[in-house]
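Q: Coordinates in my_file.cif, mmCIF, C-alpha atoms and all ligand atoms, are listed below.
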data_final
loop_
_atom_site.label_atom_id
_atom_site.label_comp_id
_atom_site.auth_asym_id
_atom_site.auth_seq_id
_atom_site.Cartn_x
_atom_site.Cartn_y
_atom_site.Cartn_z
CA MET A 1 0.00 0.00 0.00
CA THR A 2 1.36 3.48 -0.88
CA ALA A 3 2.01 6.00 1.91
CA THR A 4 -0.83 8.24 0.63
CA LEU A 5 -3.33 5.37 0.62
CA ASP A 6 -2.62 4.15 4.14
CA PRO A 7 -4.33 7.06 6.00
CA ILE A 8 -7.33 6.64 3.68
CA TYR A 9 -7.52 2.93 4.44
CA GLN A 10 -7.42 3.64 8.16
CA LYS A 11 -10.72 5.52 7.70
CA LEU A 12 -12.25 2.85 5.48
CA LYS A 13 -11.10 -0.35 7.14
CA ASN A 14 -14.42 -0.89 8.94
CA PHE A 15 -16.26 -0.85 5.62
CA ILE A 16 -13.84 -2.43 3.14
CA PRO A 17 -12.14 -5.77 3.92
CA GLU A 18 -8.41 -5.89 3.12
CA VAL A 19 -8.89 -8.28 0.22
CA GLU A 20 -11.37 -5.91 -1.43
CA TRP A 21 -9.04 -2.97 -0.75
CA THR A 22 -6.53 -4.41 -3.22
CA LEU A 23 -9.11 -3.54 -5.92
CA VAL A 24 -10.57 -0.35 -4.41
CA GLY A 25 -7.27 1.27 -3.31
CA PRO A 26 -5.80 1.63 -6.84
CA VAL A 27 -9.06 3.20 -8.11
CA ILE A 28 -8.93 5.78 -5.31
CA ASP A 29 -5.24 6.38 -6.05
CA GLU A 30 -5.89 6.94 -9.76
CA ILE A 31 -8.84 9.29 -9.16
CA ASN A 32 -6.74 11.35 -6.75
CA ARG A 33 -3.86 11.49 -9.26
CA LEU A 34 -6.14 12.54 -12.14
CA LYS A 35 -7.80 15.12 -9.92
CA VAL A 36 -4.47 16.93 -9.42
CA GLU A 37 -3.45 16.55 -13.08
CA LYS A 38 -6.74 18.00 -14.35
CA LYS A 39 -7.16 20.65 -11.63
CA ALA A 40 -10.48 19.09 -10.69
CA LEU A 41 -12.42 19.59 -7.48
CA ILE A 42 -14.53 16.73 -6.13
CA LEU A 43 -17.66 17.67 -4.17
CA ALA A 44 -19.44 14.85 -2.36
CA HIS A 45 -22.79 14.82 -0.61
CA ASN A 46 -23.05 13.25 2.84
CA TYR A 47 -25.02 10.31 1.32
CA MET A 48 -22.12 9.09 -0.82
CA THR A 49 -20.62 5.74 0.16
CA PRO A 50 -17.56 5.90 2.50
CA ASP A 51 -15.07 5.04 -0.28
CA ILE A 52 -16.12 8.24 -2.10
CA PHE A 53 -16.69 10.34 1.02
CA HIS A 54 -13.38 9.51 2.72
CA GLY A 55 -11.33 8.37 -0.28
CA ILE A 56 -11.56 11.06 -2.96
CA ALA A 57 -13.74 14.02 -1.92
CA ASP A 58 -12.18 17.47 -1.48
CA ILE A 59 -15.34 18.94 -0.01
CA VAL A 60 -18.14 17.02 1.70
CA GLY A 61 -21.38 18.38 3.04
CA ASP A 62 -25.11 18.93 2.76
CA SER A 63 -26.81 20.52 -0.24
CA LEU A 64 -26.29 24.02 1.16
CA ALA A 65 -22.58 23.54 1.84
CA LEU A 66 -21.98 22.10 -1.64
CA ALA A 67 -23.79 25.03 -3.27
CA ARG A 68 -21.73 27.50 -1.22
CA GLU A 69 -18.44 25.78 -2.08
CA ALA A 70 -19.34 25.79 -5.76
CA VAL A 71 -19.30 29.60 -5.74
CA ASN A 72 -15.73 29.88 -4.49
CA THR A 73 -13.77 27.31 -6.45
CA GLN A 74 -10.79 28.08 -8.70
CA ALA A 75 -10.82 24.55 -10.19
CA ASP A 76 -11.20 24.00 -13.97
CA ILE A 77 -13.40 20.95 -13.54
CA ILE A 78 -15.93 20.21 -10.80
CA VAL A 79 -16.96 16.61 -10.27
CA VAL A 80 -20.22 16.38 -8.36
CA CYS A 81 -20.68 13.16 -6.40
CA GLY A 82 -24.35 13.48 -5.64
CA VAL A 83 -27.54 13.59 -7.66
CA HIS A 84 -28.32 15.49 -10.84
CA PHE A 85 -30.00 18.53 -9.29
CA MET A 86 -26.84 19.12 -7.21
CA ALA A 87 -24.68 19.05 -10.33
CA GLU A 88 -27.10 21.40 -12.09
CA THR A 89 -26.90 23.81 -9.15
CA VAL A 90 -23.11 23.78 -9.41
CA LYS A 91 -23.30 24.39 -13.19
CA ILE A 92 -25.74 27.27 -12.73
CA LEU A 93 -23.28 28.88 -10.30
CA ASN A 94 -20.29 28.11 -12.57
CA PRO A 95 -21.59 28.26 -16.15
CA THR A 96 -18.11 28.59 -17.70
CA LYS A 97 -16.65 25.58 -15.86
CA LYS A 98 -16.85 21.95 -16.83
CA VAL A 99 -19.18 20.18 -14.38
CA LEU A 100 -19.15 16.38 -14.40
CA ILE A 101 -21.43 13.77 -12.85
CA ALA A 102 -20.68 10.06 -13.00
CA ASP A 103 -24.27 9.08 -13.90
CA LEU A 104 -26.80 11.43 -15.49
CA GLU A 105 -29.60 9.12 -14.34
CA ALA A 106 -28.93 9.90 -10.67
CA GLY A 107 -32.25 11.69 -10.15
CA CYS A 108 -34.43 12.47 -7.16
CA SER A 109 -38.10 11.71 -6.45
CA LEU A 110 -38.63 15.32 -5.36
CA SER A 111 -37.03 16.83 -8.42
CA GLU A 112 -38.96 14.51 -10.73
CA GLY A 113 -42.30 15.24 -9.05
CA ILE A 114 -42.78 18.82 -10.26
CA THR A 115 -42.41 20.78 -13.51
CA ALA A 116 -42.15 24.49 -14.31
CA ALA A 117 -45.73 24.31 -15.67
CA ASP A 118 -46.89 23.04 -12.25
CA VAL A 119 -45.24 26.01 -10.57
CA LEU A 120 -46.83 28.48 -12.98
CA GLU A 121 -50.22 26.89 -12.23
CA MET A 122 -49.62 27.40 -8.49
CA LYS A 123 -48.66 31.02 -9.12
CA ARG A 124 -51.99 31.48 -10.93
CA LYS A 125 -53.80 29.91 -7.99
CA PHE A 126 -52.05 32.04 -5.36
CA PRO A 127 -51.32 35.35 -7.12
CA GLY A 128 -48.69 37.53 -5.46
CA ALA A 129 -47.34 34.74 -3.22
CA PRO A 130 -43.55 34.39 -3.63
CA VAL A 131 -42.23 30.96 -4.59
CA VAL A 132 -39.75 29.22 -2.28
CA THR A 133 -38.32 26.13 -3.94
CA TYR A 134 -36.29 23.40 -2.31
CA VAL A 135 -32.99 22.94 -4.18
CA ASN A 136 -34.05 19.35 -4.93
CA THR A 137 -35.61 20.53 -8.21
CA SER A 138 -34.67 20.95 -11.86
CA ALA A 139 -33.13 24.12 -13.31
CA GLU A 140 -36.46 24.73 -15.11
CA VAL A 141 -38.31 24.84 -11.80
CA LYS A 142 -35.63 27.01 -10.18
CA ALA A 143 -35.98 29.44 -13.10
CA VAL A 144 -39.60 30.21 -12.12
CA THR A 145 -38.70 30.52 -8.45
CA ASP A 146 -38.14 33.62 -6.30
CA VAL A 147 -35.77 32.02 -3.82
CA CYS A 148 -34.43 28.52 -3.27
CA CYS A 149 -33.92 26.85 0.09
CA THR A 150 -32.35 23.70 1.47
CA SER A 151 -33.31 21.67 4.51
CA GLY A 152 -30.59 23.62 6.36
CA ASN A 153 -32.11 27.08 5.84
CA ALA A 154 -35.79 26.59 4.86
CA LEU A 155 -37.22 28.40 7.89
CA GLU A 156 -34.80 31.34 7.58
CA VAL A 157 -35.62 31.70 3.87
CA VAL A 158 -39.38 31.67 4.56
CA GLU A 159 -39.00 34.18 7.41
CA SER A 160 -36.82 36.47 5.27
CA LEU A 161 -39.69 37.13 2.85
CA ASP A 162 -41.98 40.11 3.21
CA ALA A 163 -45.17 38.15 2.51
CA ASP A 164 -47.85 36.44 4.61
CA GLU A 165 -48.52 33.69 2.08
CA ILE A 166 -45.79 31.68 0.38
CA ILE A 167 -45.78 28.95 -2.25
CA PHE A 168 -43.41 26.36 -0.79
CA ILE A 169 -42.49 23.50 -3.13
CA PRO A 170 -42.10 20.61 -3.76
CA ASP A 171 -41.57 18.66 -0.51
CA GLN A 172 -44.86 18.47 1.41
CA TYR A 173 -43.12 17.09 4.51
CA LEU A 174 -40.38 19.71 4.66
CA GLY A 175 -43.19 22.22 4.09
CA ARG A 176 -45.29 20.85 6.96
CA ASN A 177 -42.26 20.77 9.23
CA VAL A 178 -41.47 24.42 8.42
CA GLN A 179 -45.14 25.44 8.74
CA ARG A 180 -45.06 24.53 12.42
CA HIS A 181 -42.41 27.19 13.09
CA THR A 182 -43.79 30.12 11.11
CA LYS A 183 -46.93 32.27 11.19
CA LYS A 184 -46.84 32.62 7.41
CA LYS A 185 -49.24 30.46 5.41
CA LEU A 186 -47.39 27.98 3.20
CA HIS A 187 -49.10 26.63 0.08
CA LEU A 188 -47.59 23.19 -0.48
CA TRP A 189 -47.07 20.76 -3.35
CA ALA A 190 -47.58 17.01 -2.83
CA GLY A 191 -43.96 15.98 -3.49
CA SER A 192 -41.93 13.73 -1.23
CA CYS A 193 -38.55 12.08 -0.83
CA MET A 194 -38.90 8.36 -1.50
CA VAL A 195 -36.24 7.64 1.13
CA HIS A 196 -37.44 9.73 4.08
CA GLU A 197 -41.18 9.24 3.61
CA LYS A 198 -40.74 5.53 4.39
CA PHE A 199 -39.77 6.09 8.02
CA THR A 200 -42.60 5.81 10.54
CA PRO A 201 -43.01 6.97 14.16
CA ASN A 202 -43.16 3.31 15.10
CA ASP A 203 -39.65 2.72 13.70
CA ILE A 204 -38.36 5.22 16.27
CA ARG A 205 -40.43 3.80 19.13
CA GLU A 206 -39.06 0.34 18.38
CA LEU A 207 -35.48 1.65 18.31
CA ARG A 208 -35.94 3.34 21.66
CA ALA A 209 -37.45 0.16 23.12
CA THR A 210 -34.37 -1.83 22.09
CA HIS A 211 -31.65 0.77 22.75
CA ARG A 212 -31.61 2.67 26.05
CA ASN A 213 -30.51 6.33 26.13
CA LEU A 214 -30.77 6.66 22.39
CA THR A 215 -30.60 10.11 20.77
CA VAL A 216 -32.69 10.14 17.61
CA MET A 217 -32.15 12.67 14.83
CA ALA A 218 -34.48 12.91 11.86
CA HIS A 219 -34.14 14.67 8.54
CA PRO A 220 -36.93 17.26 7.93
CA GLU A 221 -37.88 15.44 4.70
CA CYS A 222 -39.45 12.88 7.08
CA PRO A 223 -43.17 13.23 7.86
CA PRO A 224 -43.86 15.55 10.86
CA GLU A 225 -45.13 12.58 12.91
CA VAL A 226 -41.64 11.05 12.56
CA VAL A 227 -39.92 14.34 13.43
CA ASP A 228 -42.15 14.53 16.54
CA GLU A 229 -40.72 11.22 17.78
CA ALA A 230 -37.12 12.42 17.29
CA ASP A 231 -34.97 14.45 19.69
CA TYR A 232 -33.64 16.70 16.94
CA ALA A 233 -34.44 17.47 13.31
CA GLY A 234 -32.02 19.02 10.84
CA SER A 235 -30.21 18.78 7.54
CA THR A 236 -27.39 16.26 7.25
CA ALA A 237 -24.83 18.97 8.12
CA GLN A 238 -26.92 20.18 11.06
CA MET A 239 -27.00 16.61 12.40
CA ILE A 240 -23.19 16.54 12.31
CA SER A 241 -22.99 19.90 14.15
CA PHE A 242 -25.41 18.59 16.77
CA ILE A 243 -23.21 15.54 17.35
CA GLN A 244 -20.07 17.71 17.54
CA LYS A 245 -21.64 19.95 20.17
CA ASN A 246 -23.54 17.39 22.25
CA ARG A 247 -21.56 14.15 21.82
CA PRO A 248 -24.49 11.82 22.57
CA ALA A 249 -23.28 8.32 23.48
CA LYS A 250 -25.73 6.47 21.23
CA ILE A 251 -27.38 7.83 18.08
CA ALA A 252 -29.87 6.77 15.43
CA LEU A 253 -29.97 8.92 12.31
CA ILE A 254 -33.32 8.71 10.55
CA THR A 255 -31.97 9.30 7.08
CA GLU A 256 -30.08 7.70 4.18
CA CYS A 257 -27.84 4.72 5.00
CA SER A 258 -24.39 6.10 4.16
CA MET A 259 -24.71 9.06 6.50
CA SER A 260 -24.06 7.00 9.66
CA ASP A 261 -21.18 5.12 8.01
CA ASN A 262 -19.48 8.35 6.96
CA ILE A 263 -19.73 10.20 10.22
CA SER A 264 -18.96 7.22 12.42
CA VAL A 265 -15.33 7.72 11.30
CA PRO A 266 -14.71 11.11 12.96
CA PHE A 267 -16.81 10.08 16.00
CA PRO A 268 -15.35 6.71 17.09
CA ASP A 269 -16.60 7.22 20.66
CA VAL A 270 -20.25 7.46 19.52
CA GLU A 271 -22.30 4.32 18.98
CA PHE A 272 -24.37 4.50 15.80
CA ILE A 273 -27.53 2.40 15.63
CA ARG A 274 -28.13 2.19 11.90
CA PRO A 275 -31.73 2.20 10.75
CA CYS A 276 -31.61 3.26 7.15
CA ASN A 277 -33.29 3.56 3.79
CA LEU A 278 -31.09 3.53 0.74
CA CYS A 279 -31.41 6.26 -1.90
CA PRO A 280 -31.15 4.40 -5.22
CA HIS A 281 -30.28 7.63 -7.00
CA MET A 282 -27.35 8.50 -4.75
CA LYS A 283 -26.13 4.91 -5.04
CA ARG A 284 -25.77 5.21 -8.83
CA ILE A 285 -22.59 7.17 -8.15
CA THR A 286 -19.74 4.70 -7.69
CA LEU A 287 -15.94 4.89 -7.66
CA PRO A 288 -15.41 3.09 -11.02
CA LYS A 289 -17.97 5.40 -12.69
CA ILE A 290 -16.25 8.46 -11.18
CA LEU A 291 -12.90 7.27 -12.54
CA ASP A 292 -14.41 6.89 -16.06
CA ASN A 293 -16.09 10.27 -15.69
CA LEU A 294 -12.86 12.05 -14.81
CA ARG A 295 -10.84 10.22 -17.49
CA SER A 296 -13.25 10.85 -20.35
CA GLU A 297 -14.73 14.11 -19.01
CA THR A 298 -18.18 12.80 -19.89
CA PRO A 299 -20.97 12.84 -19.03
CA GLU A 300 -20.92 16.57 -18.56
CA VAL A 301 -23.78 18.57 -17.05
CA PHE A 302 -25.40 21.27 -19.19
CA VAL A 303 -28.13 23.73 -18.30
CA ARG A 304 -30.26 25.42 -20.95
CA GLN A 305 -28.92 28.91 -21.68
CA ASP A 306 -32.25 30.67 -21.06
CA LEU A 307 -32.55 29.10 -17.59
CA LEU A 308 -29.12 30.10 -16.32
CA VAL A 309 -29.83 33.68 -15.26
CA PRO A 310 -33.25 33.20 -13.58
CA ALA A 311 -32.20 29.96 -11.86
CA ARG A 312 -28.99 31.58 -10.63
CA ARG A 313 -30.95 34.54 -9.27
CA ALA A 314 -33.07 32.17 -7.14
CA ILE A 315 -30.01 30.31 -5.80
CA GLU A 316 -28.12 33.52 -5.06
CA ALA A 317 -31.16 34.94 -3.28
CA MET A 318 -30.97 31.87 -1.02
CA LEU A 319 -27.22 32.24 -0.43
CA ALA A 320 -27.78 35.85 0.63
CA VAL A 321 -30.17 34.85 3.46
CA LYS A 322 -28.45 35.02 6.85
CA LEU A 323 -28.55 31.87 8.97
CA ARG A 324 -29.39 32.14 12.66
P1 LIG A 401 -29.30 17.79 2.93
O1 LIG A 401 -27.95 17.14 2.83
O2 LIG A 401 -29.24 19.19 2.41
O3 LIG A 401 -29.84 17.69 4.31
O4 LIG A 401 -30.28 17.05 1.92
C1 LIG A 401 -30.66 15.77 2.01
C2 LIG A 401 -31.05 15.20 0.73
O5 LIG A 401 -31.91 14.40 0.65
C3 LIG A 401 -30.33 15.57 -0.46
O6 LIG A 401 -30.75 14.78 -1.47
FE1 LIG A 402 -33.93 12.84 -3.54
FE2 LIG A 402 -34.53 11.72 -1.23
FE3 LIG A 402 -32.61 10.66 -2.71
FE4 LIG A 402 -32.22 13.02 -1.50
S1 LIG A 402 -32.51 11.06 -0.51
S2 LIG A 402 -31.72 12.49 -3.63
S3 LIG A 402 -34.26 13.88 -1.57
S4 LIG A 402 -34.77 10.79 -3.28
#
Could I get this structure in the form of C-alpha cells?
A:
Amino acid sequence: MTATLDPIYQKLKNFIPEVEWTLVGPVIDEINRLKVEKKALILAHNYMTPDIFHGIADIVGDSLALAREAVNTQADIIVVCGVHFMAETVKILNPTKKVLIADLEAGCSLSEGITAADVLEMKRKFPGAPVVTYVNTSAEVKAVTDVCCTSGNALEVVESLDADEIIFIPDQYLGRNVQRHTKKKLHLWAGSCMVHEKFTPNDIRELRATHRNLTVMAHPECPPEVVDEADYAGSTAQMISFIQKNRPAKIALITECSMSDNISVPFPDVEFIRPCNLCPHMKRITLPKILDNLRSETPEVFVRQDLLVPARRAIEAMLAVKLR
C-alpha cells in the first residue's frame, strides 16, 4: 500500500475488507492522481458511500454547503458526487466551468415530481405569493422561483420574505415541518422524498425500546409525525454539528444509509444504531464510474442557456439569506 493510501484505508477499514481494498485502493489512487493533473475539485454529498466520502472528496457536506463551495472554487473541472439537481446547481453557479457527474440518471423523487408548468399553475392559484423552492428541483423549476432553500435554511428563507402567504415547493413534509415554526401560510405541493417518507413513528419507538438512552435525529424530509418522535431534526450537516456539540453516546440517524457510516469515522466514541433507507439515485454514483467520468470528461452537465440567469438569481437569493 502506498504512503498516501494508508491514512485513507485507516478511515475505510471498517467498511472495506483488506482483500477488497486491493481492488478499491488503486481506483482511489488513480482518481486522486487525475484530480491533481486536471485541476479538478470533487464535491461529495453526505449520502455518498464511504469510499467516495473519505477516499476522494475534497469537499463534503449537505446541499447548502456544496452550493456554497461551488461559488468559491478556482478549479477548472468540478466533479459532483451526488444527484443530478446538485450538479445542475453547481453548473448554474459556474456556467463557464466543466461540471461532471458520474451518472446522469442519478435523479431524485422530489425533483422529478414537479415541472415548471406546475409552478406556474400554483402562481396562478395564489397570485402575489412568492415561490420558495427546495434545491431538490430541476433548473427549469428554479428558473420560475423567487428564492431557493435547502433543509438547512428553509425556515430562515421563509422568514426572510416580506409576505404572509408563500408557495413552498415541492416537498410536502419539509413544508409541513417548516409550517409549524412560522406564522406565514405555506401553500404546499404534494412531493416527497422516496427515502425519508418511508420512516414511521413506530420505527423510532421500536429503536428506543431496544436501545436505552438513544438520541434520535431525523431529517426534515421525514413526515412531521416522525420528526415529533425524534430528539432533533435538521439537515445532514446540522445533524453533524449537533453531534459535535452534544456528543451523545448512542445515536440513530433517521436518514439515508451512508450518512451514519461516513460520520462514524470522525466520532469513534459514539455508537451508531443504523436504521436506514437507501437512496437508489445516490447509489448510482460509484468509484469506477467516477474514474471513467474524470478520465473521459463525460458525461458533462449542461443547463439550458435561457434558464441560467433566472435559476442563478433564485439560488443567489438563497445564499444571501443570513442563517441564525
Ligand atoms: P441535505 O444534505 O441538504 O440535508 O439534503 C438531504 C437530501 O436528501 C439531499 O438529497
Ligand atoms: Fe432525492 Fe430523497 Fe434521494 Fe435526497 S434522498 S436524492 S431527496 S430521493
Q: Go through A:Asn213, A:Phe242, A:Glu121, A:Asn202 one by one, measure the shortest atom-to-atom distance of each to Asp228 of chain A using all atoms listed in the file, and give the residue with the smallest value.
A: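 Nearest candidate to Asp228 of chain A out of A:Asn213, A:Phe242, A:Glu121, A:Asn202: A:Asn202.
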Q: Have a look at atom CA of Asp146 of chain A and atom CA of His84 of chain A and let me know their distance in Å, one decimal.
A: 21.1 Å
Q: List all protein, DNA and RNA residues that have at least one atom no more than 10 Å from any atom of ligand LIG 402 (chain A), counting all atoms listed in the file, and write them as a compact mmCIF listing (two decimals) with C-alpha atoms, keeping the file's coordinate frame.
A:
# COMPACT_ATOMS: atom_id res chain seq x y z
CA HIS A 45 -22.79 14.82 -0.61
CA TYR A 47 -25.02 10.31 1.32
CA SER A 63 -26.81 20.52 -0.24
CA GLY A 82 -24.35 13.48 -5.64
CA VAL A 83 -27.54 13.59 -7.66
CA HIS A 84 -28.32 15.49 -10.84
CA PHE A 85 -30.00 18.53 -9.29
CA MET A 86 -26.84 19.12 -7.21
CA ALA A 106 -28.93 9.90 -10.67
CA GLY A 107 -32.25 11.69 -10.15
CA CYS A 108 -34.43 12.47 -7.16
CA SER A 109 -38.10 11.71 -6.45
CA LEU A 110 -38.63 15.32 -5.36
CA SER A 111 -37.03 16.83 -8.42
CA GLU A 112 -38.96 14.51 -10.73
CA TYR A 134 -36.29 23.40 -2.31
CA VAL A 135 -32.99 22.94 -4.18
CA ASN A 136 -34.05 19.35 -4.93
CA THR A 137 -35.61 20.53 -8.21
CA SER A 151 -33.31 21.67 4.51
CA ASP A 171 -41.57 18.66 -0.51
CA SER A 192 -41.93 13.73 -1.23
CA CYS A 193 -38.55 12.08 -0.83
CA MET A 194 -38.90 8.36 -1.50
CA VAL A 195 -36.24 7.64 1.13
CA HIS A 196 -37.44 9.73 4.08
CA GLU A 197 -41.18 9.24 3.61
CA HIS A 219 -34.14 14.67 8.54
CA GLU A 221 -37.88 15.44 4.70
CA CYS A 222 -39.45 12.88 7.08
CA THR A 255 -31.97 9.30 7.08
CA GLU A 256 -30.08 7.70 4.18
CA CYS A 257 -27.84 4.72 5.00
CA ASN A 277 -33.29 3.56 3.79
CA LEU A 278 -31.09 3.53 0.74
CA CYS A 279 -31.41 6.26 -1.90
CA PRO A 280 -31.15 4.40 -5.22
CA HIS A 281 -30.28 7.63 -7.00
CA MET A 282 -27.35 8.50 -4.75
CA LYS A 283 -26.13 4.91 -5.04
Q: Write out as a short mmCIF file (atom, residue, chain, number, x, y, z; two decimals) with C-alpha atoms, in the coordinates of the input each polymer residue (protein, DNA or RNA) that has an atom no more than 6 Å from ligand LIG 401 (chain A), with all atoms listed in the file counted.
A:
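Result file is part.cif:
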data_model
loop_
_atom_site.label_atom_id
_atom_site.label_comp_id
_atom_site.auth_asym_id
_atom_site.auth_seq_id
_atom_site.Cartn_x
_atom_site.Cartn_y
_atom_site.Cartn_z
CA ASP A 62 -25.11 18.93 2.76
CA SER A 63 -26.81 20.52 -0.24
CA LEU A 64 -26.29 24.02 1.16
CA THR A 150 -32.35 23.70 1.47
CA SER A 151 -33.31 21.67 4.51
CA SER A 235 -30.21 18.78 7.54
CA THR A 236 -27.39 16.26 7.25
#
Q: Work out how far atom CA of Leu174 of chain A is from atom CA of Ile52 of chain A, in Å to one decimal.
A: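 It comes out at 27.7 Å.
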Q: Mind checking which residues fall within 10 Å of Ile101 of chain A, counting only C-alpha atoms, ignoring those fewer than 6 positions away in the same chain, and posting them as a PyMOL selection string?
A: chain A and resi 78-84+86-88+285+289-290+293-294+297-301
Q: Can you tell me how far atom CA of Leu104 of chain A sits from atom CA of Glu316 of chain A, in Å to one decimal?
A: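 Interatomic distance, atom CA of Leu104 of chain A to atom CA of Glu316 of chain A: 24.5 Å.
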Q: Using only C-alpha atoms, find the one residue out of A:Lys245, A:Lys250, A:Lys185, A:Arg324 that sits nearest to Leu207 of chain A.
A: A:Lys250
Q: Report as an mmCIF file with C-alpha atoms, in the coordinates of the input all protein, DNA and RNA residues lying within 12 Å of Thr96 of chain A, evaluated on only C-alpha atoms, omitting residues in the same chain fewer than 5 positions from it.
A:
data_model
loop_
_atom_site.group_PDB
_atom_site.id
_atom_site.type_symbol
_atom_site.label_atom_id
_atom_site.label_comp_id
_atom_site.auth_asym_id
_atom_site.auth_seq_id
_atom_site.Cartn_x
_atom_site.Cartn_y
_atom_site.Cartn_z
ATOM 1 C CA GLN A 74 -10.790 28.080 -8.700
ATOM 2 C CA ALA A 75 -10.820 24.550 -10.190
ATOM 3 C CA ASP A 76 -11.200 24.000 -13.970
ATOM 4 C CA ILE A 77 -13.400 20.950 -13.540
ATOM 5 C CA ILE A 78 -15.930 20.210 -10.800
ATOM 6 C CA VAL A 90 -23.110 23.780 -9.410
ATOM 7 C CA LYS A 91 -23.300 24.390 -13.190
ATOM 8 C CA VAL A 301 -23.780 18.570 -17.050
ATOM 9 C CA PHE A 302 -25.400 21.270 -19.190
ATOM 10 C CA VAL A 303 -28.130 23.730 -18.300
ATOM 11 C CA GLN A 305 -28.920 28.910 -21.680
ATOM 12 C CA LEU A 308 -29.120 30.100 -16.320
#
Q: For Arg312 of chain A, please output as number ranges by chain all residues within 9 Å (counting only C-alpha atoms; exclusion window: fewer than 5 positions along the same chain).
A: A: 89, 92-93, 139, 142-143, 307, 317
Q: Need to verify the contact set: Leu214 of chain A, 12 Å, only C-alpha atoms, exclusion of same-chain residues closer than 6 positions in sequence. Can you return it as a ChimeraX atom specification?
A: /A:204-208,229-232,247-253,270-274
Q: Take the residues from that selection and put them in a file with C-alpha atoms, as a compact mmCIF listing (two decimals), keeping the file's coordinate frame.
A:
# COMPACT_ATOMS: atom_id res chain seq x y z
CA ILE A 204 -38.36 5.22 16.27
CA ARG A 205 -40.43 3.80 19.13
CA GLU A 206 -39.06 0.34 18.38
CA LEU A 207 -35.48 1.65 18.31
CA ARG A 208 -35.94 3.34 21.66
CA GLU A 229 -40.72 11.22 17.78
CA ALA A 230 -37.12 12.42 17.29
CA ASP A 231 -34.97 14.45 19.69
CA TYR A 232 -33.64 16.70 16.94
CA ARG A 247 -21.56 14.15 21.82
CA PRO A 248 -24.49 11.82 22.57
CA ALA A 249 -23.28 8.32 23.48
CA LYS A 250 -25.73 6.47 21.23
CA ILE A 251 -27.38 7.83 18.08
CA ALA A 252 -29.87 6.77 15.43
CA LEU A 253 -29.97 8.92 12.31
CA VAL A 270 -20.25 7.46 19.52
CA GLU A 271 -22.30 4.32 18.98
CA PHE A 272 -24.37 4.50 15.80
CA ILE A 273 -27.53 2.40 15.63
CA ARG A 274 -28.13 2.19 11.90
Q: Looking at A:Trp189, A:Phe53, A:Tyr173, A:Tyr9, which one is nearest to Lys123 of chain A, with distances taken over only C-alpha atoms?
A: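 The answer is A:Trp189, which sits nearest to Lys123 of chain A.
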Q: Using only C-alpha atoms, which of A:Leu23, A:Leu5, A:Val265, A:Ile240 sits nearest Gly152 of chain A?
A: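 Checking each of A:Leu23, A:Leu5, A:Val265, A:Ile240 against Gly152 of chain A, counting only C-alpha atoms, the winner is A:Ile240.
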Q: Nearest to Ile59 of chain A among A:Ala44, A:Val71, A:Ile114, A:Val158, with distances taken over all atoms listed in the file: which residue is it?
A: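 The answer is A:Ala44, which sits nearest to Ile59 of chain A.
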Q: What lies within 8 Å of Leu188 of chain A using all atoms listed in the file, ignoring chain neighbours under 3 positions off, as a list in words?
A: Ile167, Phe168, Ile169, Pro170, Asp171, Gln172 and Gly175 of chain A
Q: Just the selected residues (C-alpha atoms), exported as a PDB file, keeping the file's coordinate frame, please.
A:
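File out-v8.pdb, as written:
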ATOM      1  CA  ILE A 167     -45.780  28.950  -2.250  1.00  0.00           C
ATOM      2  CA  PHE A 168     -43.410  26.360  -0.790  1.00  0.00           C
ATOM      3  CA  ILE A 169     -42.490  23.500  -3.130  1.00  0.00           C
ATOM      4  CA  PRO A 170     -42.100  20.610  -3.760  1.00  0.00           C
ATOM      5  CA  ASP A 171     -41.570  18.660  -0.510  1.00  0.00           C
ATOM      6  CA  GLN A 172     -44.860  18.470   1.410  1.00  0.00           C
ATOM      7  CA  GLY A 175     -43.190  22.220   4.090  1.00  0.00           C
TER       8      GLY A 175
END
Q: Taking into account all atoms listed in the file, which residue in the set A:Ala233, A:Met239, A:Ala70, A:Val141 is nearest to Pro220 of chain A?
A: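 Going through A:Ala233, A:Met239, A:Ala70, A:Val141 one by one, the smallest distance to Pro220 of chain A is for A:Ala233.
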Q: Please return the centre and edge lengths, in Å to one decimal, of a box with edges along x, y and z that contains all listed atoms of segment 135-154 of chain A, widened by 8 Å on every side, as AutoDock Vina command-line options.
A:
--center_x -35.1 --center_y 26.5 --center_z -4.4 --size_x 25.0 --size_y 30.3 --size_z 37.5
